[in-house]
file start14.txt (compact mmCIF, C-alpha atoms)
# COMPACT_ATOMS: atom_id res chain seq x y z
CA MET A 1 21.20 -1.79 -6.20
CA ALA A 2 20.76 -0.23 -2.79
CA SER A 3 17.92 -1.46 -0.69
CA TRP A 4 17.64 1.81 1.23
CA VAL A 5 16.62 5.07 -0.35
CA LEU A 6 16.47 8.57 0.99
CA SER A 7 13.76 10.98 -0.05
CA GLU A 8 12.37 14.11 1.57
CA CYS A 9 10.21 11.70 3.55
CA GLY A 10 13.29 10.33 5.34
CA LEU A 11 15.59 7.28 5.14
CA ARG A 12 13.63 4.07 4.67
CA PRO A 13 13.81 0.78 2.76
CA LEU A 14 12.47 0.90 -0.76
CA PRO A 15 9.39 -1.36 -0.93
CA ARG A 16 9.46 -3.96 -3.62
CA VAL A 17 6.59 -3.84 -6.02
CA TYR A 18 5.69 -7.14 -7.62
CA PRO A 19 3.55 -7.43 -10.73
CA GLN A 20 0.01 -8.45 -9.93
CA SER A 21 -1.34 -11.56 -11.54
CA ARG A 22 -4.51 -10.99 -13.49
CA THR A 23 -5.66 -14.60 -13.26
CA GLY A 24 -5.59 -17.34 -10.69
CA LEU A 25 -6.54 -17.38 -7.03
CA THR A 26 -6.75 -14.62 -4.50
CA SER A 27 -4.36 -14.49 -1.61
CA LYS A 28 -7.02 -15.57 0.86
CA THR A 29 -7.00 -19.29 1.51
CA THR A 30 -10.62 -19.17 2.60
CA ASP A 31 -11.61 -18.49 -0.98
CA LEU A 32 -9.94 -21.60 -2.35
CA LEU A 33 -12.60 -24.13 -1.51
CA LYS A 34 -15.95 -22.44 -1.95
CA ILE A 35 -18.22 -25.39 -2.77
CA THR A 36 -21.97 -25.41 -3.02
CA GLN A 37 -24.10 -28.54 -2.92
CA PRO A 38 -24.88 -29.65 -6.49
CA PRO A 39 -28.35 -30.51 -7.74
CA VAL A 40 -29.61 -34.06 -7.50
CA SER A 41 -28.19 -36.91 -9.65
CA LYS A 42 -25.53 -34.88 -11.42
CA SER A 43 -21.76 -34.95 -11.45
CA TYR A 44 -19.67 -31.83 -11.44
CA ASN A 45 -16.09 -31.25 -12.44
CA LEU A 46 -14.64 -28.16 -10.83
CA GLY A 47 -11.40 -28.47 -12.75
CA SER A 48 -8.72 -31.09 -13.04
CA SER A 49 -7.94 -30.93 -9.34
CA ILE A 50 -11.37 -30.96 -7.65
CA LYS A 51 -14.23 -33.33 -8.24
CA VAL A 52 -17.51 -33.31 -6.36
CA SER A 53 -20.18 -35.99 -6.76
CA GLY A 54 -23.67 -36.13 -5.29
CA TRP A 55 -26.44 -38.70 -5.18
CA SER A 56 -30.11 -38.14 -4.54
CA GLY A 57 -30.32 -40.56 -1.65
CA GLN A 58 -27.33 -39.47 0.32
CA ARG A 59 -24.92 -36.64 0.92
CA ASN A 60 -21.58 -38.36 0.51
CA TRP A 61 -19.04 -35.91 -0.80
CA ALA A 62 -15.83 -36.90 -2.52
CA LEU A 63 -13.21 -34.16 -2.60
CA ASN A 64 -9.89 -34.73 -4.33
CA VAL A 65 -7.47 -31.84 -4.14
CA ALA A 66 -4.19 -31.72 -6.01
CA VAL A 67 -1.37 -29.27 -5.35
CA PRO A 68 -1.21 -26.59 -6.60
CA VAL A 69 -4.94 -26.02 -6.59
CA SER A 70 -6.45 -24.50 -9.74
CA VAL A 71 -10.16 -23.80 -9.62
CA PRO A 72 -11.49 -22.18 -12.78
CA VAL A 73 -14.94 -21.87 -11.28
CA ILE A 74 -13.72 -19.14 -8.91
CA GLU A 75 -11.58 -17.43 -11.51
CA LYS A 76 -14.40 -15.05 -12.36
CA GLU A 77 -14.82 -14.09 -8.73
CA ASP A 78 -11.07 -13.60 -8.43
CA LYS A 79 -10.99 -11.36 -11.48
CA GLU A 80 -13.82 -9.31 -10.06
CA ARG A 81 -11.91 -8.95 -6.81
CA GLU A 82 -8.74 -7.88 -8.63
CA SER A 83 -10.66 -5.48 -10.83
CA VAL A 84 -11.28 -3.26 -7.82
CA LYS A 85 -7.94 -3.87 -6.12
CA GLY A 86 -6.09 -0.62 -5.79
CA VAL A 87 -9.20 1.42 -6.59
CA ASN A 88 -11.42 1.10 -3.56
CA GLU A 89 -11.93 -1.01 -0.49
CA HIS A 90 -13.45 -4.40 -1.10
CA GLU A 91 -14.51 -6.65 1.75
CA GLY A 92 -12.05 -5.02 4.13
CA GLU A 93 -9.12 -4.85 1.69
CA LEU A 94 -7.19 -1.60 1.89
CA PHE A 95 -6.28 0.55 -1.08
CA ASP A 96 -3.07 -0.67 -2.71
CA PRO A 97 -1.40 2.20 -4.61
CA SER A 98 1.12 -0.22 -6.17
CA ALA A 99 -1.55 -2.38 -7.79
CA PRO A 100 -1.97 -1.95 -11.55
CA PRO A 101 -5.17 -0.02 -12.27
CA PRO A 102 -8.08 -1.92 -13.86
CA PHE A 103 -8.07 0.43 -16.85
CA LYS A 104 -5.75 1.61 -19.60
CA LEU A 105 -4.84 5.09 -20.81
CA ALA A 106 -7.02 4.43 -23.85
CA ASP A 107 -10.00 3.96 -21.51
CA ILE A 108 -9.34 7.36 -19.92
CA ARG A 109 -9.02 9.04 -23.29
CA ALA A 110 -12.25 7.42 -24.49
CA ALA A 111 -14.11 8.70 -21.42
CA ILE A 112 -13.16 12.33 -22.10
CA PRO A 113 -15.71 14.18 -24.28
CA LYS A 114 -14.45 14.95 -27.78
CA HIS A 115 -14.84 18.70 -27.40
CA CYS A 116 -12.24 18.64 -24.62
CA TRP A 117 -9.62 17.62 -27.18
CA VAL A 118 -10.26 20.67 -29.34
CA LYS A 119 -7.46 23.25 -28.94
CA ASN A 120 -8.58 26.84 -29.37
CA PRO A 121 -5.53 29.11 -29.84
CA TRP A 122 -7.62 32.27 -29.46
CA ARG A 123 -8.89 31.14 -26.09
CA SER A 124 -5.39 30.11 -25.06
CA MET A 125 -3.99 33.50 -26.09
CA SER A 126 -6.76 35.23 -24.13
CA TYR A 127 -5.41 33.55 -20.98
CA VAL A 128 -1.91 34.79 -21.82
CA VAL A 129 -3.11 38.37 -22.36
CA ARG A 130 -5.14 38.29 -19.16
CA ASP A 131 -2.32 36.93 -16.99
CA VAL A 132 0.33 39.23 -18.45
CA ALA A 133 -1.98 42.21 -17.88
CA VAL A 134 -2.45 41.17 -14.24
CA VAL A 135 1.33 40.81 -13.78
CA PHE A 136 2.03 44.31 -15.07
CA GLY A 137 -0.96 45.73 -13.20
CA LEU A 138 0.25 44.31 -9.90
CA ALA A 139 3.78 45.65 -10.47
CA VAL A 140 2.53 49.15 -11.29
CA ALA A 141 0.22 49.21 -8.27
CA ALA A 142 2.95 48.02 -5.90
CA ALA A 143 5.45 50.58 -7.23
CA TYR A 144 2.85 53.34 -6.98
CA PHE A 145 1.89 52.69 -3.36
CA ASN A 146 5.40 51.59 -2.30
CA ASN A 147 4.10 50.75 1.16
CA TRP A 148 5.27 47.97 3.47
CA VAL A 149 1.66 47.02 4.07
CA VAL A 150 1.21 46.50 0.33
CA TRP A 151 4.51 44.77 -0.48
CA PRO A 152 3.80 41.40 1.25
CA LEU A 153 0.41 41.22 -0.44
CA TYR A 154 2.06 42.03 -3.75
CA TRP A 155 4.74 39.38 -3.30
CA PHE A 156 2.22 36.64 -2.66
CA ALA A 157 -0.08 37.71 -5.51
CA GLN A 158 2.72 38.27 -8.03
CA GLY A 159 4.51 35.05 -7.11
CA THR A 160 1.25 33.21 -7.73
CA MET A 161 0.89 34.97 -11.09
CA PHE A 162 4.44 33.92 -12.04
CA TRP A 163 3.27 30.39 -11.31
CA ALA A 164 0.32 31.02 -13.66
CA LEU A 165 2.75 32.08 -16.40
CA PHE A 166 4.73 28.90 -15.81
CA VAL A 167 1.60 26.75 -16.19
CA LEU A 168 0.75 28.41 -19.52
CA GLY A 169 4.31 27.77 -20.74
CA HIS A 170 4.01 24.22 -19.44
CA ASP A 171 0.94 23.73 -21.65
CA CYS A 172 2.88 25.08 -24.61
CA GLY A 173 5.58 22.49 -23.93
CA HIS A 174 2.99 19.70 -23.87
CA GLY A 175 1.41 20.95 -27.09
CA SER A 176 -1.95 21.48 -25.43
CA PHE A 177 -1.83 25.25 -25.92
CA SER A 178 -2.54 24.97 -29.67
CA ASN A 179 -1.99 22.72 -32.66
CA ASN A 180 0.63 25.11 -34.02
CA PRO A 181 4.14 24.10 -32.85
CA LYS A 182 5.60 27.50 -33.80
CA LEU A 183 2.98 29.37 -31.78
CA ASN A 184 3.58 27.04 -28.84
CA SER A 185 7.33 27.65 -29.06
CA VAL A 186 7.08 31.46 -29.34
CA VAL A 187 4.58 31.82 -26.48
CA GLY A 188 6.43 29.24 -24.37
CA HIS A 189 9.73 31.11 -24.77
CA LEU A 190 8.17 34.46 -23.88
CA LEU A 191 6.42 33.15 -20.79
CA HIS A 192 9.16 30.88 -19.45
CA SER A 193 12.02 33.25 -20.20
CA ALA A 194 10.17 35.97 -18.29
CA ILE A 195 10.42 33.84 -15.14
CA LEU A 196 13.96 32.59 -15.90
CA VAL A 197 13.05 29.10 -17.13
CA PRO A 198 14.82 27.73 -20.25
CA TYR A 199 11.80 26.69 -22.32
CA HIS A 200 13.15 23.90 -24.53
CA GLY A 201 15.63 22.65 -21.95
CA TRP A 202 12.88 22.21 -19.38
CA ARG A 203 10.31 20.99 -21.95
CA ILE A 204 12.53 18.11 -23.04
CA SER A 205 13.48 17.03 -19.52
CA HIS A 206 9.82 17.32 -18.48
CA ARG A 207 8.88 14.96 -21.31
CA THR A 208 11.45 12.49 -19.95
CA HIS A 209 9.85 12.86 -16.52
CA HIS A 210 6.40 11.96 -17.84
CA GLN A 211 7.79 8.93 -19.66
CA ASN A 212 9.39 7.62 -16.46
CA HIS A 213 7.18 8.96 -13.68
CA GLY A 214 7.69 7.05 -10.44
CA HIS A 215 10.78 5.16 -11.66
CA VAL A 216 13.54 5.16 -9.04
CA GLU A 217 16.45 5.52 -11.49
CA ASN A 218 14.91 7.02 -14.62
CA ASP A 219 12.54 9.67 -13.28
CA GLU A 220 13.87 13.15 -13.86
CA SER A 221 13.15 14.88 -10.56
CA TRP A 222 12.31 14.28 -6.88
CA GLN A 223 13.15 10.57 -7.05
CA PRO A 224 14.47 8.98 -3.81
CA LEU A 225 18.24 8.77 -3.44
CA SER A 226 20.08 5.55 -2.78
CA GLU A 227 22.12 5.32 0.40
CA LYS A 228 25.32 5.28 -1.66
CA ILE A 229 24.50 8.56 -3.43
CA TYR A 230 23.36 10.20 -0.20
CA LYS A 231 26.65 9.36 1.56
CA SER A 232 28.59 10.77 -1.39
CA LEU A 233 26.98 14.21 -0.98
CA ASP A 234 28.86 16.97 0.79
CA ILE A 235 27.39 18.44 3.97
CA VAL A 236 26.23 21.63 2.24
CA THR A 237 24.27 19.71 -0.41
CA ARG A 238 22.71 17.44 2.21
CA THR A 239 21.61 20.42 4.29
CA LEU A 240 20.23 22.43 1.41
CA ARG A 241 18.41 19.47 -0.13
CA PHE A 242 16.92 17.85 2.95
CA THR A 243 16.41 20.66 5.47
CA PHE A 244 13.22 22.70 5.28
CA PRO A 245 12.66 25.20 3.68
CA PHE A 246 15.60 24.77 1.32
CA PRO A 247 14.02 21.89 -0.70
CA MET A 248 11.19 24.29 -1.58
CA LEU A 249 13.78 26.57 -3.24
CA ALA A 250 15.58 23.88 -5.25
CA TYR A 251 14.23 24.56 -8.73
CA PRO A 252 16.91 27.02 -9.96
CA VAL A 253 19.62 24.64 -8.71
CA TYR A 254 17.88 21.74 -10.46
CA LEU A 255 17.87 23.68 -13.74
CA TRP A 256 21.61 24.29 -13.47
CA SER A 257 22.80 20.89 -12.27
CA ARG A 258 19.79 18.53 -12.09
CA SER A 259 19.25 16.27 -9.08
CA PRO A 260 22.02 14.63 -7.01
CA GLY A 261 23.34 11.55 -8.77
CA LYS A 262 22.51 12.95 -12.23
CA LYS A 263 24.77 14.87 -14.60
CA GLY A 264 24.08 17.60 -17.10
CA SER A 265 22.27 20.92 -17.22
CA HIS A 266 19.12 22.31 -18.80
CA PHE A 267 21.24 25.09 -20.32
CA HIS A 268 23.98 23.03 -21.95
CA PRO A 269 23.21 21.65 -25.44
CA ASP A 270 25.63 18.73 -24.99
CA SER A 271 23.95 17.51 -21.80
CA ASP A 272 22.83 13.88 -21.84
CA LEU A 273 19.33 15.22 -21.25
CA PHE A 274 19.08 15.98 -24.96
CA ALA A 275 19.35 14.10 -28.22
CA PRO A 276 21.75 15.49 -30.86
CA ASN A 277 18.88 16.87 -32.96
CA GLU A 278 17.56 18.81 -29.92
CA ARG A 279 20.73 20.81 -29.26
CA LYS A 280 19.70 23.71 -31.50
CA TYR A 281 16.50 24.11 -29.48
CA VAL A 282 18.45 24.17 -26.23
CA ILE A 283 20.79 26.86 -27.59
CA THR A 284 17.77 29.01 -28.52
CA SER A 285 16.23 28.67 -25.06
CA THR A 286 19.51 29.38 -23.29
CA ALA A 287 19.94 32.53 -25.40
CA CYS A 288 16.42 33.71 -24.46
CA TRP A 289 17.12 33.00 -20.79
CA THR A 290 20.39 34.94 -20.97
CA ALA A 291 18.62 37.92 -22.55
CA MET A 292 16.06 37.97 -19.73
CA ALA A 293 18.79 37.70 -17.08
CA ALA A 294 20.59 40.63 -18.72
CA LEU A 295 17.33 42.64 -18.73
CA VAL A 296 16.86 42.01 -15.02
CA ALA A 297 20.45 43.12 -14.37
CA CYS A 298 19.97 46.32 -16.40
CA LEU A 299 16.72 47.15 -14.61
CA SER A 300 18.53 46.67 -11.30
CA PHE A 301 20.97 49.45 -12.29
CA VAL A 302 18.17 51.70 -13.52
CA MET A 303 15.65 51.18 -10.69
CA GLY A 304 18.06 50.12 -7.96
CA PRO A 305 18.70 46.57 -6.73
CA VAL A 306 16.38 46.89 -3.72
CA GLN A 307 13.45 48.03 -5.83
CA MET A 308 14.10 45.26 -8.36
CA LEU A 309 14.33 42.74 -5.57
CA LYS A 310 10.92 43.84 -4.30
CA LEU A 311 9.31 43.96 -7.73
CA TYR A 312 10.84 40.82 -9.27
CA GLY A 313 13.21 38.93 -7.00
CA ILE A 314 10.89 38.05 -4.12
CA PRO A 315 7.92 37.17 -6.39
CA TYR A 316 10.30 34.89 -8.30
CA TRP A 317 11.16 33.01 -5.11
CA ILE A 318 7.47 32.74 -4.22
CA PHE A 319 6.89 31.20 -7.64
CA VAL A 320 9.76 28.75 -7.07
CA MET A 321 8.19 27.69 -3.76
CA TRP A 322 4.81 27.16 -5.43
CA LEU A 323 6.46 25.07 -8.14
CA ASP A 324 8.54 22.94 -5.80
CA LEU A 325 5.69 22.42 -3.34
CA ALA A 326 3.29 21.27 -6.08
CA THR A 327 5.96 19.02 -7.61
CA TYR A 328 6.90 17.53 -4.24
CA LEU A 329 3.30 16.63 -3.39
CA HIS A 330 2.81 15.25 -6.88
CA HIS A 331 5.72 12.85 -6.40
CA HIS A 332 5.36 11.97 -2.74
CA GLY A 333 1.79 12.55 -1.64
CA HIS A 334 0.90 13.78 1.82
CA ASP A 335 -0.72 11.30 4.18
CA GLU A 336 -0.49 8.40 1.71
CA LYS A 337 2.99 8.13 0.16
CA LEU A 338 3.15 7.35 -3.54
CA PRO A 339 4.91 4.15 -4.63
CA TRP A 340 8.10 3.92 -6.70
CA TYR A 341 9.18 1.10 -8.99
CA ARG A 342 12.21 -0.29 -10.79
CA GLY A 343 12.64 -2.01 -14.12
CA LYS A 344 9.38 -2.60 -15.96
CA VAL A 345 7.24 -3.17 -12.85
CA GLY A 346 4.24 -0.88 -12.75
CA ARG A 347 4.64 0.26 -16.35

call {"tool": "encode", "arguments": {"input": "start14.txt", "output": "structure tokens"}}
result
Amino acid sequence: MASWVLSECGLRPLPRVYPQSRTGLTSKTTDLLKITQPPVSKSYNLGSSIKVSGWSGQRNWALNVAVPVSVPVIEKEDKERESVKGVNEHEGELFDPSAPPPFKLADIRAAIPKHCWVKNPWRSMSYVVRDVAVVFGLAVAAAYFNNWVVWPLYWFAQGTMFWALFVLGHDCGHGSFSNNPKLNSVVGHLLHSAILVPYHGWRISHRTHHQNHGHVENDESWQPLSEKIYKSLDIVTRTLRFTFPFPMLAYPVYLWSRSPGKKGSHFHPDSDLFAPNERKYVITSTACWTAMAALVACLSFVMGPVQMLKLYGIPYWIFVMWLDLATYLHHHGHDEKLPWYRGKVGR
């Protein structure tokens, strides 16, 4: 396993992330021997390793310390300290993004009001109708004015709306659009195919991503490369992947050939991305994608390639930049870089 990894943040050693102990002492040695004077005429046992005795007439202390020290009396304080570790600053301690959070997914789910779990397909479809209407409205307006003052505004607005269509399809893939799998699949195919995304192919790989988010080897996208894989890349791949702004245009390439060091494609049913029972879904999505690509080609002959580039091509690339930028920040952060892990650490 390589000790150096290369991400879009640069070449740097991969920090090791060790599992945090939930019991025991803190790392500060000053906390080990916190002793208060006991009341008069009583004996106290602070564990098998520390004994403190006191008499009413004198203050003679007897302190026997064994190695390693184990002081149950401060265990509660230590747990309280660890309960906030990685969440906020505590007595000068900095935020540790690699520390396990003091809560479980079940705690998050329990904190969300019940009505937020109710899926309303009519409301979801209203968002689809609204966004599709905006997409067509913007295209008609841009074609009507056909002015170079209007086109840049159109490209930005329409590229953002393509991103909105992607998000709705994304929710279909997660099953949050409705409780009806068939409705999710139909709407997801219509929305994602319209922006040249293979719905099932991407949905399945995206599920794999969520199951392995932040894992150096198993995450599906944007994971740091080992030094060995980086050196095996040709100069064109290195330039296009690690030189701005090309990484912000990587999504179509990722769909075709995944990330460097990984094999397979989102379009091929026999890719190792998919289980055997998922191949029929991949074939369906690839067929829908092909139909949309053929429609774009036909419209280019009818309307002219330049007009189609202005109406569809450039907004598509704006959408790709939105998608890659959001995904990059999600995986790497901005000022504070997000941690990565190997094996079962951090799970």

call {"tool": "residues_near_point", "arguments": {"input": "start14.txt", "point": "(17.4, 33.3, -18.1)", "cutoff": "6 Å", "atoms": "only C-alpha atoms", "output": "NGL selection string"}}
result
:A and (193 or 196 or 289-290 or 292-293)

call {"tool": "residues_around", "arguments": {"input": "start14.txt", "residues": "stretch 239-255 of chain A", "least_positions_apart": "5", "cutoff": "7 Å", "atoms": "only C-alpha atoms", "output": "list in words"}}
result
Glu8, Ser265, His266, Val320, Met321, Asp324 and Leu325 of chain A

call {"tool": "write_last_selection", "arguments": {"input": "start14.txt", "atoms": "C-alpha atoms", "output": "mmCIF file, in the frame of the given file"}}
result
data_model
loop_
_atom_site.group_PDB
_atom_site.id
_atom_site.type_symbol
_atom_site.label_atom_id
_atom_site.label_comp_id
_atom_site.auth_asym_id
_atom_site.auth_seq_id
_atom_site.Cartn_x
_atom_site.Cartn_y
_atom_site.Cartn_z
ATOM 1 C CA GLU A 8 12.370 14.110 1.570
ATOM 2 C CA SER A 265 22.270 20.920 -17.220
ATOM 3 C CA HIS A 266 19.120 22.310 -18.800
ATOM 4 C CA VAL A 320 9.760 28.750 -7.070
ATOM 5 C CA MET A 321 8.190 27.690 -3.760
ATOM 6 C CA ASP A 324 8.540 22.940 -5.800
ATOM 7 C CA LEU A 325 5.690 22.420 -3.340
#

call {"tool": "closest_residue", "arguments": {"input": "start14.txt", "among": "A:His115, A:Thr327, A:Thr284, A:Asn179", "to": "A:Glu220", "atoms": "only C-alpha atoms"}}
result
A:Thr327

call {"tool": "atom_distance", "arguments": {"input": "start14.txt", "atom1": "atom CA of A:Leu311", "atom2": "atom CA of A:Phe145"}}
result
12.3 Å

call {"tool": "closest_residue", "arguments": {"input": "start14.txt", "among": "A:Gly159, A:Gly169, A:Gly175, A:Pro152", "to": "A:Leu190", "atoms": "all atoms listed in the file"}}
result
A:Gly169

call {"tool": "atom_distance", "arguments": {"input": "start14.txt", "atom1": "atom CA of A:Arg342", "atom2": "atom CA of A:Tyr328"}}
result
19.7 Å

call {"tool": "closest_residue", "arguments": {"input": "start14.txt", "among": "A:Tyr281, A:Phe162, A:Trp340, A:Trp256", "to": "A:Gly313", "atoms": "only C-alpha atoms"}}
result
A:Phe162

call {"tool": "residues_around", "arguments": {"input": "start14.txt", "residues": "A:Phe267", "least_positions_apart": "5", "cutoff": "10 Å", "atoms": "all atoms listed in the file", "output": "PyMOL selection string"}}
result
chain A and resi 197-202+255-257+279+282-287+289-290

call {"tool": "atom_distance", "arguments": {"input": "start14.txt", "atom1": "atom CA of A:His215", "atom2": "atom CA of A:Phe103"}}
result
20.1 Å

call {"tool": "closest_residue", "arguments": {"input": "start14.txt", "among": "A:Ala164, A:Arg207, A:Ala133, A:Trp117", "to": "A:Ser176", "atoms": "all atoms listed in the file"}}
result
A:Trp117
